[in-house]
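Below: the structure, in structure tokens.
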Amino acid sequence: MSPLLQSLAAAFCGSDERREALDAALHGGLPAARNEAWKYTSLRQLERRSFSAAPLQAPAIDAALLADIPAPRLVFVNGRPSEAHSDLSGLDAGVQVRTLSAVRRDEPEAARFLARRFDRAEEVFAQLNAALADEGVLVQVAEGAAGATPLHLVFVSAPDEADRAWHHRHLVELRRGAALNLVEHHLQAGDSAHLDNTLVHVHLAQDAQLSHARVQAGGARATSLLRTDAVLARDAQYRRIDLELGAALSRHELNVRLEGDNARLVANGVLLGTGRRHIDTRLGIEHIARDTSAELLWRGVAANRSRVVFHGGIHIREGADGTDANLSNKNLLLSADAEIDTQPTLVIDADEVKAAHGATVGQLDANALFYLRSRGVPAEQARAMLSAAFCHEPLAAVDGLLTEKLVRHLDQALQQAGMA
């Protein structure tokens, strides 16, 4: 057994059902390159590391880190809720926000989603989450409630005496006709090398509308493993954007099932590879009902010795007539030592559908560079301007003030990387 699994298993203290999930993870072990889902992401360095469980009390952090994040906000530090920095005042009527630990204590039936099983060999981190998750967030919006005020969920990684691991389980549930604006912030307070293993369930009932922005700006030594499983009912709309701007190793599996007629998905993202970062994003979009649509616009940039991995999978199942699905993944390779692997896949088992997918890997447009240089723009500045413009395109997934905040986050990351 690897040191990673040994150290994570040492933190187990749960029920027999949770023990089964842990045993499945330990028996299967970490996936290797022969597993297609992990072909381009090696876990050899991670499996040699050890992590200890995060203490029950959140450590102190500088409040200035959160100065630009307004209420209502729920803050976690090293995996634990921080009352000192959280402020849920101003929540719209019908929006309920609770921590998983409070729900398991006060209303165990509401935490039944924790019982979900994961059986595939590549799902080892989901199995570990099923066994070890002891904290998270439940966001539930009542039928017809319009959560117009953005809700901010903030996850801060702070230095500690040891490398810590936490396993979060979140539920975002919108009832019929409900609406919500949700923003996730994943931030770093100083240098640390923690492991964040998170699983998110998103349930959108009929006519529900969720706008979801996520900014992952972890530290240069952090590890971020995320899986999002979303289910959309009839006429539901899910708009989200993911900015992968930090962490040494980050992997996000975004799985969306469009189960109701006329369900709509817009899921965009930016993958920014700098230094020796490794970024892995996998989309698994299933069109199950009639007249559903998915618009997927992703941009990747790899500089220095980074590696960007993208898998865009679309499956239009039998009977999902009227589907309209489009995937675009364009990538910039800015260094001879960087690497980009992109794999768009499209499986169609239905008639009368519109579907398109494409992926490109290239360098900055030589004509555009020449034009800017001819106007007196220095070479480095010209390359930075074109890189920034390339990355801004997916931000249209969310509207209004959220877009402005995301532009600032992205531009700051580009500046730190010397690309803006």
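Lettering and numbering for the structure tokens are positional, with chains as A, B, ... in the shown order, residues counted from 1 in each chain, and ligands counted from 1 in the shown order.
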Within 10 Å of Gln96 of chain A, counting only C-alpha atoms, which residues show up once you throw out same-chain ones fewer than 2 positions away? Write them as a PyMOL selection string, please.
chain A and resi 88+91-94+98+138-142+173
Keeping only N, CA, C and O atoms, write those residues as a PDB file, in the first residue's frame.
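As written to disk, part.pdb reads:
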ATOM      1  N   LEU A  88     -22.978  35.204   7.087  1.00  0.00           N
ATOM      2  CA  LEU A  88     -24.108  34.818   6.241  1.00  0.00           C
ATOM      3  C   LEU A  88     -25.251  35.832   6.293  1.00  0.00           C
ATOM      4  O   LEU A  88     -26.366  35.526   5.854  1.00  0.00           O
ATOM      5  N   LEU A  91     -28.368  36.855   3.300  1.00  0.00           N
ATOM      6  CA  LEU A  91     -28.864  35.759   2.473  1.00  0.00           C
ATOM      7  C   LEU A  91     -30.284  36.056   1.996  1.00  0.00           C
ATOM      8  O   LEU A  91     -31.126  36.514   2.765  1.00  0.00           O
ATOM      9  N   ASP A  92     -30.543  35.794   0.731  1.00  0.00           N
ATOM     10  CA  ASP A  92     -31.891  36.003   0.210  1.00  0.00           C
ATOM     11  C   ASP A  92     -32.874  35.032   0.849  1.00  0.00           C
ATOM     12  O   ASP A  92     -32.510  33.913   1.259  1.00  0.00           O
ATOM     13  N   ALA A  93     -34.138  35.434   0.923  1.00  0.00           N
ATOM     14  CA  ALA A  93     -35.181  34.576   1.481  1.00  0.00           C
ATOM     15  C   ALA A  93     -35.269  33.283   0.681  1.00  0.00           C
ATOM     16  O   ALA A  93     -35.228  33.286  -0.549  1.00  0.00           O
ATOM     17  N   GLY A  94     -35.376  32.184   1.392  1.00  0.00           N
ATOM     18  CA  GLY A  94     -35.491  30.881   0.741  1.00  0.00           C
ATOM     19  C   GLY A  94     -34.170  30.190   0.497  1.00  0.00           C
ATOM     20  O   GLY A  94     -34.150  29.041   0.037  1.00  0.00           O
ATOM     21  N   ARG A  98     -25.855  25.474   5.332  1.00  0.00           N
ATOM     22  CA  ARG A  98     -25.460  24.790   6.555  1.00  0.00           C
ATOM     23  C   ARG A  98     -24.189  23.994   6.312  1.00  0.00           C
ATOM     24  O   ARG A  98     -23.916  23.565   5.189  1.00  0.00           O
ATOM     25  N   LEU A 138     -24.043  22.378   2.661  1.00  0.00           N
ATOM     26  CA  LEU A 138     -25.330  22.111   2.029  1.00  0.00           C
ATOM     27  C   LEU A 138     -25.979  23.449   1.715  1.00  0.00           C
ATOM     28  O   LEU A 138     -26.256  24.240   2.631  1.00  0.00           O
ATOM     29  N   VAL A 139     -26.172  23.709   0.437  1.00  0.00           N
ATOM     30  CA  VAL A 139     -26.855  24.917  -0.025  1.00  0.00           C
ATOM     31  C   VAL A 139     -28.170  24.468  -0.648  1.00  0.00           C
ATOM     32  O   VAL A 139     -28.174  23.729  -1.635  1.00  0.00           O
ATOM     33  N   GLN A 140     -29.291  24.891  -0.074  1.00  0.00           N
ATOM     34  CA  GLN A 140     -30.601  24.483  -0.547  1.00  0.00           C
ATOM     35  C   GLN A 140     -31.476  25.723  -0.737  1.00  0.00           C
ATOM     36  O   GLN A 140     -31.561  26.569   0.146  1.00  0.00           O
ATOM     37  N   VAL A 141     -32.095  25.804  -1.919  1.00  0.00           N
ATOM     38  CA  VAL A 141     -32.915  26.957  -2.268  1.00  0.00           C
ATOM     39  C   VAL A 141     -34.345  26.486  -2.452  1.00  0.00           C
ATOM     40  O   VAL A 141     -34.616  25.548  -3.221  1.00  0.00           O
ATOM     41  N   ALA A 142     -35.264  27.122  -1.750  1.00  0.00           N
ATOM     42  CA  ALA A 142     -36.664  26.711  -1.743  1.00  0.00           C
ATOM     43  C   ALA A 142     -37.332  26.957  -3.089  1.00  0.00           C
ATOM     44  O   ALA A 142     -36.868  27.763  -3.907  1.00  0.00           O
ATOM     45  N   GLU A 173     -28.599  22.237  -3.990  1.00  0.00           N
ATOM     46  CA  GLU A 173     -29.908  21.741  -4.394  1.00  0.00           C
ATOM     47  C   GLU A 173     -30.869  22.908  -4.589  1.00  0.00           C
ATOM     48  O   GLU A 173     -31.150  23.653  -3.654  1.00  0.00           O
TER      49      GLU A 173
END
Please identify all polymer residues within 7 Å of segment 247-253 of chain A, counting only C-alpha atoms, omitting same-chain residues fewer than 6 positions from it, and present them as a VMD selection string.
chain A and resid 217 to 228 277 to 283
Determine, for each residue of segment 6-120 of chain A having at least one atom at most 7 Å from an atom of segment 147-151 of chain A, the closest pair of atoms and their separation in Å to one decimal, counting only C-alpha atoms; order by chain and ascending number, as a tab-separated table.
residue	atom	partner	partner_atom	distance
A:Pro72	CA	A:Leu151	CA	5.5
A:Arg73	CA	A:Leu151	CA	6.0
A:Asp92	CA	A:Gly147	CA	5.4
A:Val95	CA	A:Gly147	CA	6.6
For the residues in the current selection, export all heavy atoms as a PDB file, in the first residue's frame.
ATOM      1  N   PRO A  72     -23.149  37.564   1.630  1.00  0.00           N
ATOM      2  CA  PRO A  72     -23.016  36.399   2.505  1.00  0.00           C
ATOM      3  C   PRO A  72     -21.882  35.488   2.048  1.00  0.00           C
ATOM      4  O   PRO A  72     -21.735  35.216   0.861  1.00  0.00           O
ATOM      5  CB  PRO A  72     -24.372  35.707   2.374  1.00  0.00           C
ATOM      6  CG  PRO A  72     -24.867  36.116   1.010  1.00  0.00           C
ATOM      7  CD  PRO A  72     -24.368  37.501   0.786  1.00  0.00           C
ATOM      8  N   ARG A  73     -21.101  35.033   3.029  1.00  0.00           N
ATOM      9  CA  ARG A  73     -19.984  34.136   2.722  1.00  0.00           C
ATOM     10  C   ARG A  73     -19.811  33.132   3.853  1.00  0.00           C
ATOM     11  O   ARG A  73     -20.018  33.458   5.027  1.00  0.00           O
ATOM     12  CB  ARG A  73     -18.701  34.920   2.493  1.00  0.00           C
ATOM     13  CG  ARG A  73     -18.107  35.512   3.759  1.00  0.00           C
ATOM     14  CD  ARG A  73     -16.918  36.402   3.474  1.00  0.00           C
ATOM     15  NE  ARG A  73     -16.271  36.828   4.707  1.00  0.00           N
ATOM     16  CZ  ARG A  73     -15.440  37.866   4.793  1.00  0.00           C
ATOM     17  NH1 ARG A  73     -15.165  38.587   3.717  1.00  0.00           N
ATOM     18  NH2 ARG A  73     -14.887  38.161   5.949  1.00  0.00           N
ATOM     19  N   ASP A  92     -30.543  35.794   0.731  1.00  0.00           N
ATOM     20  CA  ASP A  92     -31.891  36.003   0.210  1.00  0.00           C
ATOM     21  C   ASP A  92     -32.874  35.032   0.849  1.00  0.00           C
ATOM     22  O   ASP A  92     -32.510  33.913   1.259  1.00  0.00           O
ATOM     23  CB  ASP A  92     -31.900  35.825  -1.310  1.00  0.00           C
ATOM     24  CG  ASP A  92     -31.171  36.946  -2.024  1.00  0.00           C
ATOM     25  OD1 ASP A  92     -31.322  38.111  -1.612  1.00  0.00           O
ATOM     26  OD2 ASP A  92     -30.448  36.663  -2.993  1.00  0.00           O
ATOM     27  N   VAL A  95     -33.034  30.847   0.802  1.00  0.00           N
ATOM     28  CA  VAL A  95     -31.712  30.242   0.630  1.00  0.00           C
ATOM     29  C   VAL A  95     -31.198  29.784   1.982  1.00  0.00           C
ATOM     30  O   VAL A  95     -31.078  30.584   2.918  1.00  0.00           O
ATOM     31  CB  VAL A  95     -30.719  31.233  -0.002  1.00  0.00           C
ATOM     32  CG1 VAL A  95     -29.346  30.577  -0.167  1.00  0.00           C
ATOM     33  CG2 VAL A  95     -31.235  31.730  -1.353  1.00  0.00           C
TER      34      VAL A  95
END
Mind dumping a table of every segment 146-187 of chain A residue within 7 Å of segment 47-65 of chain A, with the nearest atom pair and its distance in Å to one decimal, using only C-alpha atoms, sorted by chain and rising number, as a tab-separated table?
residue	atom	partner	partner_atom	distance
A:Asp163	CA	A:Phe51	CA	5.3
A:Arg164	CA	A:Ser52	CA	4.9
A:Ala165	CA	A:Ala53	CA	5.4
A:Trp166	CA	A:Ala54	CA	6.3
Would you mind writing down, as a ChimeraX atom specification, each residue of segment 127-218 of chain A that DSSP on the backbone assigns to strand (DSSP E or B)?
/A:135,137-141,146-157,164-174,179-188,195-204,209-216
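Closest approach to Cys391 of chain A from the set A:Asp134, A:Glu161, A:Asp196, A:Asp242 is made by A:Asp242, with distances taken over only C-alpha atoms.
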Pick out the residues sitting within 10 Å of Gln343 of chain A, and hand them over as a ChimeraX atom specification; count only C-alpha atoms, and ignore anything fewer than 2 positions along from it in its own chain.
/A:282,309-313,329,341,345,358-360
Expected file: the selected residues, N, CA and C atoms, as an mmCIF file, in the first residue's frame:
data_model
loop_
_atom_site.group_PDB
_atom_site.id
_atom_site.type_symbol
_atom_site.label_atom_id
_atom_site.label_comp_id
_atom_site.auth_asym_id
_atom_site.auth_seq_id
_atom_site.Cartn_x
_atom_site.Cartn_y
_atom_site.Cartn_z
ATOM 1 N N ARG A 282 -11.604 17.011 -16.909
ATOM 2 C CA ARG A 282 -12.354 16.002 -17.663
ATOM 3 C C ARG A 282 -13.846 16.338 -17.626
ATOM 4 N N VAL A 309 -3.970 19.090 -19.410
ATOM 5 C CA VAL A 309 -4.674 17.918 -19.928
ATOM 6 C C VAL A 309 -6.166 18.242 -19.964
ATOM 7 N N PHE A 310 -6.803 17.962 -21.093
ATOM 8 C CA PHE A 310 -8.237 18.226 -21.218
ATOM 9 C C PHE A 310 -8.905 17.068 -21.958
ATOM 10 N N HIS A 311 -9.990 16.566 -21.355
ATOM 11 C CA HIS A 311 -10.828 15.542 -21.995
ATOM 12 C C HIS A 311 -12.250 16.072 -22.022
ATOM 13 N N GLY A 312 -12.794 16.233 -23.216
ATOM 14 C CA GLY A 312 -14.164 16.712 -23.356
ATOM 15 C C GLY A 312 -15.052 15.632 -23.927
ATOM 16 N N GLY A 313 -15.809 14.974 -23.071
ATOM 17 C CA GLY A 313 -16.653 13.863 -23.500
ATOM 18 C C GLY A 313 -18.118 14.247 -23.554
ATOM 19 N N ASN A 329 -12.280 23.514 -27.649
ATOM 20 C CA ASN A 329 -11.121 23.545 -26.762
ATOM 21 C C ASN A 329 -9.909 24.010 -27.564
ATOM 22 N N ASP A 341 -2.249 18.068 -23.780
ATOM 23 C CA ASP A 341 -2.920 16.876 -24.295
ATOM 24 C C ASP A 341 -4.417 17.139 -24.276
ATOM 25 N N THR A 345 -14.241 13.937 -27.354
ATOM 26 C CA THR A 345 -14.930 12.725 -27.798
ATOM 27 C C THR A 345 -16.422 13.005 -27.922
ATOM 28 N N GLY A 358 -14.352 20.263 -31.297
ATOM 29 C CA GLY A 358 -13.059 20.502 -31.913
ATOM 30 C C GLY A 358 -12.036 20.927 -30.888
ATOM 31 N N ALA A 359 -10.765 20.658 -31.196
ATOM 32 C CA ALA A 359 -9.673 21.014 -30.311
ATOM 33 C C ALA A 359 -8.463 21.397 -31.145
ATOM 34 N N THR A 360 -7.745 22.416 -30.698
ATOM 35 C CA THR A 360 -6.542 22.856 -31.388
ATOM 36 C C THR A 360 -5.452 23.141 -30.360
#
Residues within 12 Å of segment 274-276 of chain A, only C-alpha atoms, excluding chain neighbours under 2 positions, as an MDAnalysis selection string
chainID A and resid 219:221 244:250 271:272 278:279 300:308 332:335 337:339 413:419
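Across the structure, atom CA of Lys405 of chain A and atom CA of Arg240 of chain A are spaced 14.2 Å apart.
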Just list the residues in segment 74-142 of chain A DSSP gives helix (DSSP H, G or I) on the backbone, as a ChimeraX atom specification.
/A:100-106,108-115,121-132
Residue neighbourhood Ala294 of chain A, 8 Å, only C-alpha atoms, exclusion window fewer than 5 positions, as a PyMOL selection string
chain A and resi 264-267+324-326
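The environment of Arg104 of chain A within 12 Å, counting only C-alpha atoms and disregarding residues fewer than 4 places along the same chain, consists of Arg98, Thr99, Leu100, Pro108, Glu109, Ala110, Ala111, Arg112, Phe113, Leu114, Ala133, Asp134, Glu135, Gly136, Val137, Leu138 and Arg169 of chain A.
Comparing the minimum interatomic distances between Leu132 of chain A and each of A:Leu22, A:Ala33, A:Val353, A:Val156, counting only C-alpha atoms, we find that A:Leu22 sits nearest.
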